[in-house]
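Have a look at entry-v6.pdb below; it lists PDB, C-alpha atoms and all ligand atoms.
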ATOM      1  CA  MET A1125     -11.576  -8.734  11.497
ATOM      2  CA  LEU A1126     -10.778  -9.707   7.930
ATOM      3  CA  ARG A1127      -9.644 -13.318   7.843
ATOM      4  CA  ILE A1128      -8.068 -14.822   4.775
ATOM      5  CA  ASP A1129      -7.569 -18.499   5.428
ATOM      6  CA  ASN A1130      -5.486 -20.763   3.236
ATOM      7  CA  VAL A1131      -6.727 -19.036   0.082
ATOM      8  CA  THR A1132      -5.539 -20.241  -3.301
ATOM      9  CA  LYS A1133      -6.382 -19.034  -6.798
ATOM     10  CA  THR A1134      -5.236 -20.777  -9.925
ATOM     11  CA  PHE A1135      -5.702 -19.684 -13.523
ATOM     12  CA  GLY A1136      -5.199 -22.887 -15.528
ATOM     13  CA  ASP A1137      -1.777 -24.218 -14.509
ATOM     14  CA  TYR A1138      -0.746 -20.917 -12.951
ATOM     15  CA  THR A1139      -1.085 -20.332  -9.215
ATOM     16  CA  ALA A1140      -1.621 -16.597  -8.667
ATOM     17  CA  VAL A1141      -2.396 -16.848  -4.933
ATOM     18  CA  ASP A1142      -0.892 -19.724  -2.999
ATOM     19  CA  GLN A1143      -2.391 -20.812   0.350
ATOM     20  CA  LEU A1144      -2.497 -17.252   1.634
ATOM     21  CA  THR A1145      -3.368 -16.834   5.310
ATOM     22  CA  LEU A1146      -3.747 -13.359   6.828
ATOM     23  CA  SER A1147      -5.702 -11.687   9.604
ATOM     24  CA  ILE A1148      -6.340  -7.966   9.560
ATOM     25  CA  PRO A1149      -7.796  -6.556  12.790
ATOM     26  CA  LYS A1150     -10.766  -4.223  12.667
ATOM     27  CA  GLY A1151      -9.834  -0.539  12.441
ATOM     28  CA  GLU A1152      -6.326  -1.139  11.098
ATOM     29  CA  MET A1153      -4.685   0.348   8.049
ATOM     30  CA  PHE A1154      -2.883  -2.567   6.408
ATOM     31  CA  GLY A1155      -0.347  -2.437   3.572
ATOM     32  CA  PHE A1156      -0.561  -5.243   1.039
ATOM     33  CA  LEU A1157       2.614  -5.169  -0.989
ATOM     34  CA  GLY A1158       4.272  -7.147  -3.706
ATOM     35  CA  ALA A1159       6.053  -6.794  -7.012
ATOM     36  CA  ASN A1160       4.084  -6.640 -10.253
ATOM     37  CA  GLY A1161       2.122  -9.837 -10.700
ATOM     38  CA  ALA A1162       2.558 -10.937  -7.054
ATOM     39  CA  GLY A1163      -1.169 -11.562  -6.626
ATOM     40  CA  LYS A1164      -2.463  -8.420  -4.870
ATOM     41  CA  THR A1165      -5.335  -7.545  -7.206
ATOM     42  CA  THR A1166      -6.353 -11.200  -7.469
ATOM     43  CA  THR A1167      -6.572 -11.342  -3.648
ATOM     44  CA  PHE A1168      -8.612  -8.129  -3.565
ATOM     45  CA  ARG A1169     -11.009  -9.506  -6.181
ATOM     46  CA  MET A1170     -11.544 -12.612  -4.064
ATOM     47  CA  ILE A1171     -12.198 -10.495  -0.942
ATOM     48  CA  LEU A1172     -14.800  -8.611  -2.971
ATOM     49  CA  GLY A1173     -16.310 -11.843  -4.254
ATOM     50  CA  LEU A1174     -15.651 -10.708  -7.851
ATOM     51  CA  ILE A1175     -13.818 -13.928  -8.636
ATOM     52  CA  ASP A1176     -14.152 -17.336  -7.020
ATOM     53  CA  MET A1177     -11.430 -18.810  -4.858
ATOM     54  CA  THR A1178      -9.937 -22.115  -5.967
ATOM     55  CA  GLY A1179      -9.600 -23.006  -2.285
ATOM     56  CA  GLY A1180      -9.765 -21.516   1.210
ATOM     57  CA  THR A1181     -12.111 -19.124   2.972
ATOM     58  CA  ILE A1182     -12.424 -15.381   3.508
ATOM     59  CA  SER A1183     -14.559 -13.834   6.226
ATOM     60  CA  TRP A1184     -15.317 -10.334   7.409
ATOM     61  CA  ASN A1185     -16.280 -10.037  11.098
ATOM     62  CA  GLY A1186     -16.969 -13.733  11.224
ATOM     63  CA  GLU A1187     -19.248 -13.853   8.153
ATOM     64  CA  SER A1188     -18.136 -15.511   4.919
ATOM     65  CA  ILE A1189     -17.615 -13.037   2.109
ATOM     66  CA  GLY A1190     -20.599 -12.985  -0.220
ATOM     67  CA  TYR A1191     -23.487 -10.910  -1.514
ATOM     68  CA  HIS A1192     -24.631  -9.962   2.015
ATOM     69  CA  THR A1193     -21.233  -8.477   2.923
ATOM     70  CA  SER A1194     -20.761  -6.547  -0.332
ATOM     71  CA  ASN A1195     -22.545  -3.353   0.819
ATOM     72  CA  ARG A1196     -20.207  -3.123   3.794
ATOM     73  CA  ILE A1197     -17.093  -3.130   1.622
ATOM     74  CA  GLY A1198     -15.743  -0.255  -0.464
ATOM     75  CA  TYR A1199     -13.371  -0.861  -3.375
ATOM     76  CA  LEU A1200     -11.158   1.404  -5.428
ATOM     77  CA  PRO A1201     -10.098  -0.852  -8.310
ATOM     78  CA  GLU A1202      -6.709  -0.655  -9.967
ATOM     79  CA  GLU A1203      -8.244  -0.175 -13.391
ATOM     80  CA  ARG A1204     -10.135   3.051 -12.823
ATOM     81  CA  GLY A1205     -13.319   3.375 -14.762
ATOM     82  CA  LEU A1206     -16.210   5.777 -14.507
ATOM     83  CA  TYR A1207     -18.740   6.450 -17.262
ATOM     84  CA  PRO A1208     -17.108   9.360 -19.132
ATOM     85  CA  LYS A1209     -20.335  10.958 -20.370
ATOM     86  CA  MET A1210     -22.139  10.906 -17.041
ATOM     87  CA  LYS A1211     -22.059  13.856 -14.671
ATOM     88  CA  VAL A1212     -20.201  13.355 -11.410
ATOM     89  CA  LYS A1213     -23.310  13.703  -9.247
ATOM     90  CA  GLU A1214     -25.495  11.385 -11.366
ATOM     91  CA  GLN A1215     -22.772   8.787 -11.412
ATOM     92  CA  VAL A1216     -21.730   8.793  -7.754
ATOM     93  CA  VAL A1217     -25.332   8.900  -6.546
ATOM     94  CA  TYR A1218     -26.198   6.024  -8.908
ATOM     95  CA  LEU A1219     -23.304   3.932  -7.535
ATOM     96  CA  ALA A1220     -24.262   4.810  -3.938
ATOM     97  CA  ARG A1221     -27.870   3.735  -4.576
ATOM     98  CA  LEU A1222     -26.624   0.394  -5.929
ATOM     99  CA  ARG A1223     -25.036  -0.007  -2.482
ATOM    100  CA  GLY A1224     -28.397   0.551  -0.839
ATOM    101  CA  MET A1225     -28.039   4.234  -0.044
ATOM    102  CA  ASP A1226     -30.888   6.736  -0.068
ATOM    103  CA  LYS A1227     -30.623   9.415  -2.837
ATOM    104  CA  LYS A1228     -30.753  12.404  -0.465
ATOM    105  CA  ASP A1229     -28.096  10.942   1.851
ATOM    106  CA  ALA A1230     -25.865  10.149  -1.121
ATOM    107  CA  GLU A1231     -26.150  13.716  -2.441
ATOM    108  CA  LYS A1232     -25.331  15.149   0.978
ATOM    109  CA  GLU A1233     -22.311  12.859   1.392
ATOM    110  CA  LEU A1234     -21.078  13.702  -2.103
ATOM    111  CA  THR A1235     -21.244  17.450  -1.412
ATOM    112  CA  GLY A1236     -19.221  16.911   1.775
ATOM    113  CA  TRP A1237     -16.567  14.875  -0.010
ATOM    114  CA  LEU A1238     -16.237  17.300  -2.932
ATOM    115  CA  GLU A1239     -15.710  20.111  -0.433
ATOM    116  CA  LYS A1240     -13.139  18.061   1.441
ATOM    117  CA  PHE A1241     -11.275  17.538  -1.840
ATOM    118  CA  ASN A1242     -11.554  21.252  -2.715
ATOM    119  CA  VAL A1243     -13.587  20.584  -5.876
ATOM    120  CA  PRO A1244     -17.241  21.477  -5.073
ATOM    121  CA  GLU A1245     -17.701  22.737  -8.649
ATOM    122  CA  TYR A1246     -17.237  19.217 -10.080
ATOM    123  CA  GLU A1247     -20.698  18.065  -9.056
ATOM    124  CA  ASN A1248     -22.269  18.908 -12.411
ATOM    125  CA  LYS A1249     -19.272  18.267 -14.644
ATOM    126  CA  ARG A1250     -19.084  15.266 -16.928
ATOM    127  CA  VAL A1251     -16.354  12.800 -15.887
ATOM    128  CA  GLU A1252     -14.595  13.203 -19.261
ATOM    129  CA  GLU A1253     -14.114  16.907 -18.503
ATOM    130  CA  LEU A1254     -11.924  16.091 -15.488
ATOM    131  CA  SER A1255      -8.215  15.279 -15.490
ATOM    132  CA  LYS A1256      -7.169  11.681 -14.763
ATOM    133  CA  GLY A1257      -6.115  12.519 -11.188
ATOM    134  CA  ASN A1258      -9.380  14.321 -10.511
ATOM    135  CA  GLN A1259     -11.376  11.411 -11.945
ATOM    136  CA  GLN A1260      -9.512   9.267  -9.457
ATOM    137  CA  LYS A1261     -10.645  11.451  -6.575
ATOM    138  CA  ILE A1262     -14.242  11.012  -7.786
ATOM    139  CA  GLN A1263     -13.759   7.255  -7.985
ATOM    140  CA  PHE A1264     -12.376   7.264  -4.465
ATOM    141  CA  ILE A1265     -15.506   9.130  -3.328
ATOM    142  CA  ALA A1266     -17.622   6.497  -5.099
ATOM    143  CA  SER A1267     -15.805   3.774  -3.139
ATOM    144  CA  VAL A1268     -16.448   5.362   0.277
ATOM    145  CA  ILE A1269     -19.754   7.197  -0.120
ATOM    146  CA  HIS A1270     -21.845   4.352   1.311
ATOM    147  CA  LYS A1271     -19.710   4.392   4.489
ATOM    148  CA  PRO A1272     -18.230   0.918   4.223
ATOM    149  CA  ASP A1273     -16.560  -0.603   7.267
ATOM    150  CA  LEU A1274     -13.940  -2.354   5.149
ATOM    151  CA  LEU A1275     -12.177  -0.355   2.447
ATOM    152  CA  ILE A1276      -9.944  -1.955  -0.191
ATOM    153  CA  LEU A1277      -7.789   0.459  -2.163
ATOM    154  CA  ASP A1278      -5.736  -0.861  -5.086
ATOM    155  CA  GLU A1279      -2.876   1.591  -5.715
ATOM    156  CA  PRO A1280      -4.855   4.600  -4.441
ATOM    157  CA  PHE A1281      -2.014   7.094  -4.843
ATOM    158  CA  SER A1282      -0.848   6.234  -8.347
ATOM    159  CA  GLY A1283      -1.282   9.087 -10.799
ATOM    160  CA  LEU A1284      -1.966  11.749  -8.150
ATOM    161  CA  ASP A1285       0.108  14.907  -7.761
ATOM    162  CA  PRO A1286       1.751  15.551  -4.352
ATOM    163  CA  VAL A1287      -1.049  17.872  -3.171
ATOM    164  CA  ASN A1288      -3.717  15.307  -4.002
ATOM    165  CA  VAL A1289      -1.645  12.517  -2.426
ATOM    166  CA  GLU A1290      -1.724  14.503   0.831
ATOM    167  CA  LEU A1291      -5.480  15.126   0.526
ATOM    168  CA  LEU A1292      -6.113  11.436   0.010
ATOM    169  CA  LYS A1293      -3.787  10.398   2.856
ATOM    170  CA  LYS A1294      -5.662  12.760   5.168
ATOM    171  CA  ALA A1295      -8.998  11.346   4.002
ATOM    172  CA  VAL A1296      -7.971   7.721   4.585
ATOM    173  CA  SER A1297      -6.473   8.587   7.987
ATOM    174  CA  GLU A1298      -9.771  10.210   8.987
ATOM    175  CA  LEU A1299     -11.698   7.131   7.862
ATOM    176  CA  LYS A1300      -9.353   4.985   9.910
ATOM    177  CA  SER A1301      -9.919   7.139  12.984
ATOM    178  CA  GLN A1302     -13.664   6.576  12.468
ATOM    179  CA  GLY A1303     -13.027   2.832  12.748
ATOM    180  CA  VAL A1304     -12.903   1.835   9.068
ATOM    181  CA  THR A1305     -10.562  -1.075   8.307
ATOM    182  CA  ILE A1306      -8.417  -0.186   5.312
ATOM    183  CA  VAL A1307      -6.314  -2.490   3.161
ATOM    184  CA  PHE A1308      -4.283  -0.902   0.425
ATOM    185  CA  SER A1309      -1.684  -1.891  -2.102
ATOM    186  CA  SER A1310       1.065   0.439  -3.171
ATOM    187  CA  HIS A1311       4.413   0.334  -4.877
ATOM    188  CA  ARG A1312       5.341   3.523  -3.008
ATOM    189  CA  MET A1313       6.927   2.262   0.172
ATOM    190  CA  GLU A1314       7.064   5.695   1.818
ATOM    191  CA  HIS A1315       3.249   5.889   1.758
ATOM    192  CA  VAL A1316       2.990   2.491   3.408
ATOM    193  CA  GLU A1317       5.598   3.459   5.993
ATOM    194  CA  GLU A1318       3.700   6.594   6.834
ATOM    195  CA  LEU A1319       0.225   5.092   7.072
ATOM    196  CA  CYS A1320       0.359   1.422   8.054
ATOM    197  CA  GLU A1321       1.025  -0.276  11.373
ATOM    198  CA  SER A1322       1.066  -3.697   9.763
ATOM    199  CA  LEU A1323       1.791  -5.063   6.353
ATOM    200  CA  CYS A1324       2.430  -8.094   4.268
ATOM    201  CA  ILE A1325       4.741  -8.479   1.294
ATOM    202  CA  ILE A1326       3.646 -11.256  -1.028
ATOM    203  CA  HIS A1327       5.620 -12.916  -3.762
ATOM    204  CA  ARG A1328       4.059 -15.364  -6.214
ATOM    205  CA  GLY A1329       0.920 -15.349  -4.093
ATOM    206  CA  SER A1330       2.597 -16.235  -0.768
ATOM    207  CA  PRO A1331       3.706 -13.962   2.071
ATOM    208  CA  ILE A1332       7.454 -13.485   2.396
ATOM    209  CA  VAL A1333       7.259 -10.777   5.092
ATOM    210  CA  GLN A1334       4.336 -10.230   7.416
ATOM    211  CA  GLY A1335       3.703  -8.364  10.675
ATOM    212  CA  LYS A1336       3.966  -5.019  12.383
ATOM    213  CA  LEU A1337       6.146  -2.491  10.590
ATOM    214  CA  ASN A1338       8.364  -1.749  13.616
ATOM    215  CA  GLU A1339       8.906  -5.467  14.272
ATOM    216  CA  ILE A1340       9.674  -6.145  10.609
ATOM    217  CA  LYS A1341      12.307  -3.397  10.734
ATOM    218  CA  ARG A1342      13.760  -4.686  13.997
ATOM    219  CA  ASP A1343      13.918  -8.284  12.740
ATOM    220  CA  PHE A1344      15.582  -7.178   9.511
ATOM    221  CA  GLY A1345      18.539  -6.227  11.732
ATOM    222  CA  LYS A1346      20.551  -4.310   9.182
ATOM    223  CA  LYS A1347      20.874  -0.566   9.580
ATOM    224  CA  ASN A1348      21.648   2.359   7.325
ATOM    225  CA  LEU A1349      24.611   4.553   8.093
ATOM    226  CA  TRP A1350      25.049   8.021   6.596
ATOM    227  CA  ILE A1351      28.534   9.491   6.577
ATOM    228  CA  LYS A1352      29.780  12.865   5.352
ATOM    229  CA  ALA A1353      33.431  13.703   5.821
ATOM    230  CA  ASP A1354      36.052  16.209   4.706
ATOM    231  CA  PHE A1355      38.327  13.425   3.505
ATOM    232  CA  GLU A1356      38.046  10.665   0.945
ATOM    233  CA  LEU A1357      35.981   7.741   2.259
ATOM    234  CA  GLU A1358      38.097   4.945   0.866
ATOM    235  CA  ASP A1359      37.741   1.177   1.014
ATOM    236  CA  LEU A1360      34.451   1.199   2.904
ATOM    237  CA  GLU A1361      33.311  -1.854   0.942
ATOM    238  CA  ALA A1362      36.127  -3.930   2.398
ATOM    239  CA  LEU A1363      35.223  -3.277   6.043
ATOM    240  CA  PRO A1364      33.763  -6.211   7.967
ATOM    241  CA  GLY A1365      30.010  -5.946   8.457
ATOM    242  CA  VAL A1366      29.452  -3.574   5.530
ATOM    243  CA  VAL A1367      26.800  -4.992   3.212
ATOM    244  CA  LYS A1368      26.383  -2.228   0.636
ATOM    245  CA  VAL A1369      27.911   1.154  -0.105
ATOM    246  CA  LYS A1370      26.290   3.898  -2.132
ATOM    247  CA  ARG A1371      28.609   6.799  -2.906
ATOM    248  CA  LEU A1372      27.185  10.308  -2.538
ATOM    249  CA  ILE A1373      28.738  13.724  -3.111
ATOM    250  CA  GLY A1374      30.895  14.361  -0.050
ATOM    251  CA  GLY A1375      29.937  11.114   1.629
ATOM    252  CA  ALA A1376      28.359   7.702   1.475
ATOM    253  CA  GLU A1377      25.286   5.730   2.516
ATOM    254  CA  LEU A1378      26.077   2.293   3.889
ATOM    255  CA  GLN A1379      24.017  -0.709   4.773
ATOM    256  CA  ILE A1380      25.632  -2.468   7.719
ATOM    257  CA  GLU A1381      24.989  -5.784   9.473
ATOM    258  CA  ASN A1382      24.193  -4.265  12.884
ATOM    259  CA  GLU A1383      24.741  -1.265  15.163
ATOM    260  CA  GLU A1384      28.113  -2.453  16.474
ATOM    261  CA  VAL A1385      29.603  -2.191  12.996
ATOM    262  CA  SER A1386      28.951   1.578  13.067
ATOM    263  CA  GLN A1387      31.136   1.962  16.190
ATOM    264  CA  GLU A1388      34.005   0.153  14.492
ATOM    265  CA  ILE A1389      33.661   2.310  11.395
ATOM    266  CA  LEU A1390      33.635   5.473  13.516
ATOM    267  CA  SER A1391      36.856   4.462  15.302
ATOM    268  CA  LEU A1392      38.518   3.773  11.964
ATOM    269  CA  LEU A1393      37.441   7.070  10.415
ATOM    270  CA  GLN A1394      38.035   9.445  13.330
ATOM    271  CA  PRO A1395      41.863   9.642  12.998
ATOM    272  CA  LYS A1396      41.500  10.478   9.288
ATOM    273  CA  GLY A1397      39.942  13.929   9.652
ATOM    274  CA  PHE A1398      36.764  15.892  10.210
ATOM    275  CA  ILE A1399      33.468  13.953  10.098
ATOM    276  CA  ARG A1400      30.508  16.225   9.282
ATOM    277  CA  GLN A1401      27.760  13.657   9.587
ATOM    278  CA  PHE A1402      27.598  10.188  11.075
ATOM    279  CA  SER A1403      24.066   8.957  11.585
ATOM    280  CA  LEU A1404      22.641   5.526  12.119
ATOM    281  CA  GLU A1405      19.104   4.924  10.862
ATOM    282  CA  GLU A1406      16.508   2.204  10.732
ATOM    283  CA  PRO A1407      16.282   0.387   7.394
ATOM    284  CA  SER A1408      13.581   1.763   5.146
ATOM    285  CA  LEU A1409      10.710  -0.400   3.974
ATOM    286  CA  ASN A1410      12.143   0.098   0.516
ATOM    287  CA  ASP A1411      15.421  -1.591   1.632
ATOM    288  CA  ILE A1412      13.446  -4.483   3.103
ATOM    289  CA  PHE A1413      11.212  -4.842   0.048
ATOM    290  CA  ILE A1414      14.152  -4.829  -2.360
ATOM    291  CA  GLU A1415      16.065  -7.412  -0.355
ATOM    292  CA  LYS A1416      13.160  -9.731   0.413
ATOM    293  CA  ALA A1417      11.218  -9.494  -2.845
ATOM    294  CA  GLY A1418      14.475  -9.263  -4.829
ATOM    295  CA  ALA A1419      15.880 -12.404  -3.199
ATOM    296  CA  SER A1420      12.739 -14.313  -4.069
ATOM    297  CA  TYR A1421      13.271 -13.640  -7.754
ATOM    298  CA  GLU A1422      16.505 -15.624  -7.661
TER     299      GLU A1422
HETATM  300  N1  LIG A1501      -7.908 -13.603 -15.306
HETATM  301  C1  LIG A1501      -6.643 -14.044 -15.303
HETATM  302  N2  LIG A1501      -6.249 -15.056 -16.105
HETATM  303  C2  LIG A1501      -4.984 -15.522 -16.088
HETATM  304  N3  LIG A1501      -4.008 -15.048 -15.284
HETATM  305  C3  LIG A1501      -4.333 -14.037 -14.468
HETATM  306  C4  LIG A1501      -5.659 -13.485 -14.430
HETATM  307  N4  LIG A1501      -5.673 -12.507 -13.494
HETATM  308  C5  LIG A1501      -4.413 -12.436 -12.984
HETATM  309  N5  LIG A1501      -3.618 -13.355 -13.562
HETATM  310  C6  LIG A1501      -2.195 -13.589 -13.259
HETATM  311  O1  LIG A1501      -2.045 -13.718 -11.859
HETATM  312  C7  LIG A1501      -0.858 -13.077 -11.423
HETATM  313  C8  LIG A1501      -1.182 -12.094 -10.318
HETATM  314  O2  LIG A1501      -1.847 -10.965 -10.890
HETATM  315  P1  LIG A1501      -2.361  -9.746 -10.027
HETATM  316  O3  LIG A1501      -3.084  -8.827 -10.952
HETATM  317  O4  LIG A1501      -3.080 -10.246  -8.839
HETATM  318  O5  LIG A1501      -0.968  -9.088  -9.573
HETATM  319  P2  LIG A1501      -0.687  -7.745  -8.774
HETATM  320  O6  LIG A1501       0.116  -8.144  -7.576
HETATM  321  O7  LIG A1501      -1.936  -7.002  -8.534
HETATM  322  O8  LIG A1501       0.262  -6.975  -9.789
HETATM  323  P3  LIG A1501       0.433  -5.393 -10.151
HETATM  324  O9  LIG A1501       1.268  -4.807  -9.051
HETATM  325  O10 LIG A1501       1.183  -5.449 -11.435
HETATM  326  O11 LIG A1501      -0.931  -4.802 -10.248
HETATM  327  C9  LIG A1501      -0.214 -12.449 -12.651
HETATM  328  O12 LIG A1501       0.811 -13.302 -13.111
HETATM  329  C10 LIG A1501      -1.344 -12.380 -13.645
HETATM  330  O13 LIG A1501      -0.868 -12.494 -14.961
END

Translate this file's structure into structure tokens.
Ligand SMILES: Nc1ncnc2c1ncn2[C@@H]1O[C@H](COP(=O)(O)OP(=O)(O)OP(=O)(O)O)[C@@H](O)[C@H]1O
Amino acid sequence: MLRIDNVTKTFGDYTAVDQLTLSIPKGEMFGFLGANGAGKTTTFRMILGLIDMTGGTISWNGESIGYHTSNRIGYLPEERGLYPKMKVKEQVVYLARLRGMDKKDAEKELTGWLEKFNVPEYENKRVEELSKGNQQKIQFIASVIHKPDLLILDEPFSGLDPVNVELLKKAVSELKSQGVTIVFSSHRMEHVEELCESLCIIHRGSPIVQGKLNEIKRDFGKKNLWIKADFELEDLEALPGVVKVKRLIGGAELQIENEEVSQEILSLLQPKGFIRQFSLEEPSLNDIFIEKAGASYE
């Protein structure tokens, strides 16, 4: 288990992480979310021991984070950076050996990963010859080659095309099924929704939402209602229990206070004409993020 206990980080007068307490069970894929500047990367750097905490403790499987835990953690940093002139194989094997891996094992692992990512021919290419997205795949390989049991990924999907996003999602899901604990940050809520059972949204270094995704959605209460009708959907905004209305061609998307409101809306609309679509859906993580993180700005 990764335990972050009452962790604070200040830079001068500024508090970037504020008494953060979180527990991430072993083998989970955990989403660590927050607006720009919320404190995600700073937290990751403290987990890695790259910067000192101002206060608090962090432990991995009961051991305080430090030099002895570093070989068991893999990290894909937000600011990607490989040596441009070095060949992929030289570079990844060098990084793996720094993590205590044997050269032969590292080469074998690298070949496997390059095949998995459909780029076996990259082994002897210089990093600068690869596109930015492909460099990112190589950096991901460098972060997992030593088979860490805790993997920290800072915005792993940014800059990847949809095919590579799918490849990477599959790779992280496989690692999870092998028991690796994965913590990742992302501004793309749909990726978090797809991959994570639990998550935390932080704002100014403190959690504002925390828990299991399905419970967070249930507790949020509000629902989305999609309506398409062959008549003008007028005055929806004025109906009791309607929070937001987004007009679409031929219909509307509503945010409503609770399920009961949808029944009242249906009874009101039915006498007016033909309703093509009327569907009630769970709120998206995007809705929750915008409301919770947005409210904290005020
Ligand atoms: N070395 C530093 N010195 C001073 N302030 C810093 C330093 N590192 C981070 N900060 C500040 O701490 C806050 C949190 O930064 P951090 O990089 O952790 O945010 P983030 O959540 O990762 O944001 P983003 O989504 O934009 O990557 C920011 O206001 C940032 O300016």

At most 9 Å from ligand LIG 1501 (chain A) (all atoms listed in the file): residue list as a VMD selection string: chain A and resid 1133 to 1136 1138 to 1141 1157 to 1169 1175 1202 1278 to 1279 1309 to 1311 1326 to 1329

Closest of A:Lys1271, A:Arg1204, A:Lys1293, A:Lys1240 to Lys1256 of chain A - atom-to-atom distances counting all atoms listed in the file: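 Closest to Lys1256 of chain A, using all atoms listed in the file: A:Arg1204.
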
Residue nearest Ile1171 of chain A among A:Ser1403, A:Ser1267, A:Thr1193, A:Gln1334 (counting only C-alpha atoms):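 Of the candidates, the smallest distance to Ile1171 of chain A is held by A:Thr1193.
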
Given only C-alpha atoms as the counted atoms, nearest of A:Lys1209, A:Lys1336, A:His1270, A:Lys1249 to Leu1222 of chain A: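 Nearest candidate to Leu1222 of chain A out of A:Lys1209, A:Lys1336, A:His1270, A:Lys1249: A:His1270.
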
Matched chain/residue IDs from the PyMOL selection byres (((chain A and resi 1361-1373) around 10) and not hetatm), as number ranges by chain: A: 1346-1352, 1357-1360, 1374-1386, 1388-1389, 1392

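What separates atom CA of Ile1414 of chain A from atom CA of Leu1284 of chain A is a distance of 23.8 Å.
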
Reference answer for the PyMOL selection byres (((chain A and resi 1189) around 12) and not hetatm), as number ranges by chain: A: 1125-1129, 1168-1177, 1180-1188, 1190-1197, 1274

Separation of atom CA of Pro1208 of chain A from atom CA of Arg1250 of chain A, in Å and rounded to one decimal: 6.6 Å

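With all atoms listed in the file as the atoms that count, the minimum distance from Gln1143 of chain A to the choices A:Pro1331, A:Gly1236, A:Gly1155, A:Pro1286 is reached by A:Pro1331.
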
Pick from A:Lys1232, A:Lys1416, A:Lys1261, A:Lys1294, whichever lies nearest to Phe1344 of chain A using all atoms listed in the file: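 Closest to Phe1344 of chain A, using all atoms listed in the file: A:Lys1416.
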
Please give the centre and size of the box around segment 1379-1384 of chain A (axis-aligned, containing every atom listed in the file, 6 Å added per side), with values in Å to one decimal and written as JSON.
{"center_x": 26.1, "center_y": -3.2, "center_z": 10.6, "size_x": 16.1, "size_y": 17.1, "size_z": 23.7}

Residue members of the PyMOL selection byres (((chain A and resi 1285) around 12) and not hetatm) in the file shown, as a list of chain:residue names: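 When the PyMOL selection byres (((chain A and resi 1285) around 12) and not hetatm) is applied, the selected residues are A:Ser1255, A:Lys1256, A:Gly1257, A:Asn1258, A:Gln1260, A:Lys1261, A:Pro1280, A:Phe1281, A:Ser1282, A:Gly1283, A:Leu1284, A:Pro1286, A:Val1287, A:Asn1288, A:Val1289, A:Glu1290, A:Leu1291, A:Leu1292.
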
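The coordinates place atom CA of Phe1156 of chain A at 9.7 Å from atom CA of Leu1277 of chain A.
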
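With distances restricted to all atoms listed in the file, A:Glu1247 is the closest residue to Thr1235 of chain A from A:Glu1317, A:Glu1247, A:Glu1356, A:Glu1339.
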